[in-house]
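Structure first, commentary second.
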Amino acid sequence: MAPQQIVLITGASRGLGRSAARHLARAGVGVIGTYQSNRAEAEAMVAEVTASGVPAVALQLDVADASTFDAFTAAVTEALNGWDVEHLHAVVHFAGYGVHAPYTETSAQQLEQMLRVHVSAPFLLTQALLPMMTTGGRILNVSSGLARFTGPGYAAYAAAKGAVEVLTRYQAAELGGRGIRVNTLVPGAIATDFGGGVVRDDADVNRAVAGAIALGRVGEPDDIGAAVPALLSDGLGWATGTRIELSGGQSL
Ligand SMILES: NC(=O)c1ccc[n+]([C@@H]2O[C@H](COP(=O)([O-])OP(=O)(O)OC[C@H]3O[C@@H](n4cnc5c(N)ncnc54)[C@H](OP(=O)(O)O)[C@@H]3O)[C@@H](O)[C@H]2O)c1
């Protein structure tokens, strides 16, 4: 019997990471999912995944605090050992939030926090987790359509997401020799809690954004989550160092 595949998803308690956990579980893949503060939602994710008959655990992690990564990787190792699994199949970096402020009013602290969460975390956390990955391992970084087109008030967020797309290419180049492939998943506007839920809850914003999307509506979490098993599958085994945008054709 093939060993149980386990994918580590940061930010699995809500939104896109939560949907990805659900779809991976349906595909028979176990999940180590992280949350920052929303433990109840993380436990609901675990219940949902285990109901599909695959293992799951929720671990608390603030991705902005790299000083906790050693303790976190020890907890990941313990979870894998508990399931008698040797390696992580993939790491998917969904944890994150946005800052919405005009460029001229964005503070140094807001910028620094964006870079910590969206650049330092995929950079340093992936480093820490690499010893748990083997040939065939996959890493999925997460950017945003806002790194390709501009949206007023997203300079710090989008600059950080742009950096992660460059990081992906360097990771792919340097880890390819170990058989690890690294890609960037690039969602367009999706109706989640992100940004205070503005795309989902503000009818005017929702309509305006949908008007710029070829498929005529904003995305739903499952538009992204359902794609994650495919992005990690052997069928996309020849893709590395690339950005894969899932935006319904936003701002083409
Ligand atoms: N929604 C969109 O339109 C959109 C578009 C493009 C890209 N993205 C990107 O997709 C990712 C997920 O977004 P989403 O829409 O799913 O957001 P969401 O619904 O707000 O969920 C955010 C998730 O990230 C976790 N999180 C936030 N800050 C964290 C931190 N410092 N350390 C650890 N975990 C943290 C949250 O944990 P708690 O539940 O514990 O708070 C939650 O699980 C983000 O990187 C976002 O930038 C989103």
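FYI, nothing fancy with the structure tokens labels: chains A, B, ... in order, residues from 1 per chain, ligands from 1 as they appear.
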Exercise answer, 6 Å around ligand 1 with only C-alpha atoms and all ligand atoms, as a ChimeraX atom specification: /A:11-17,35-38,61-64,94-97,117,142-144,187-194
Tyr157 in chain A surroundings by only C-alpha atoms, 12 Å radius, close-in-sequence under 5 positions cut, as an MDAnalysis selection string: chainID A and resid 96:103 106 110:119 143:147 150:152 162:164 195
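One distance worth recording is that between CA of Ile139 in chain A and CA of Val199 in chain A, which is 27.7 Å.
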Contacts of Arg18 in chain A at 12 Å (only C-alpha atoms; same-chain gap of 3+ positions) as an NGL selection string: :A and (8-15 or 21-25 or 31-35 or 41-49 or 58 or 92-95 or 192-193 or 221-222 or 224-226 or 228)
For Leu231 in chain A, the nearest of the candidates A:Leu129, A:Ala214, A:Ala40, A:Val186, counting only C-alpha atoms: A:Val186
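With distances restricted to only C-alpha atoms, A:Trp238 is the closest residue to Ala172 in chain A from A:Phe149, A:Phe72, A:Tyr154, A:Trp238.
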All alpha helix (DSSP H) positions in range 158-223 of chain A, as a ChimeraX atom specification: /A:158-175,194-201,203-211,221-223
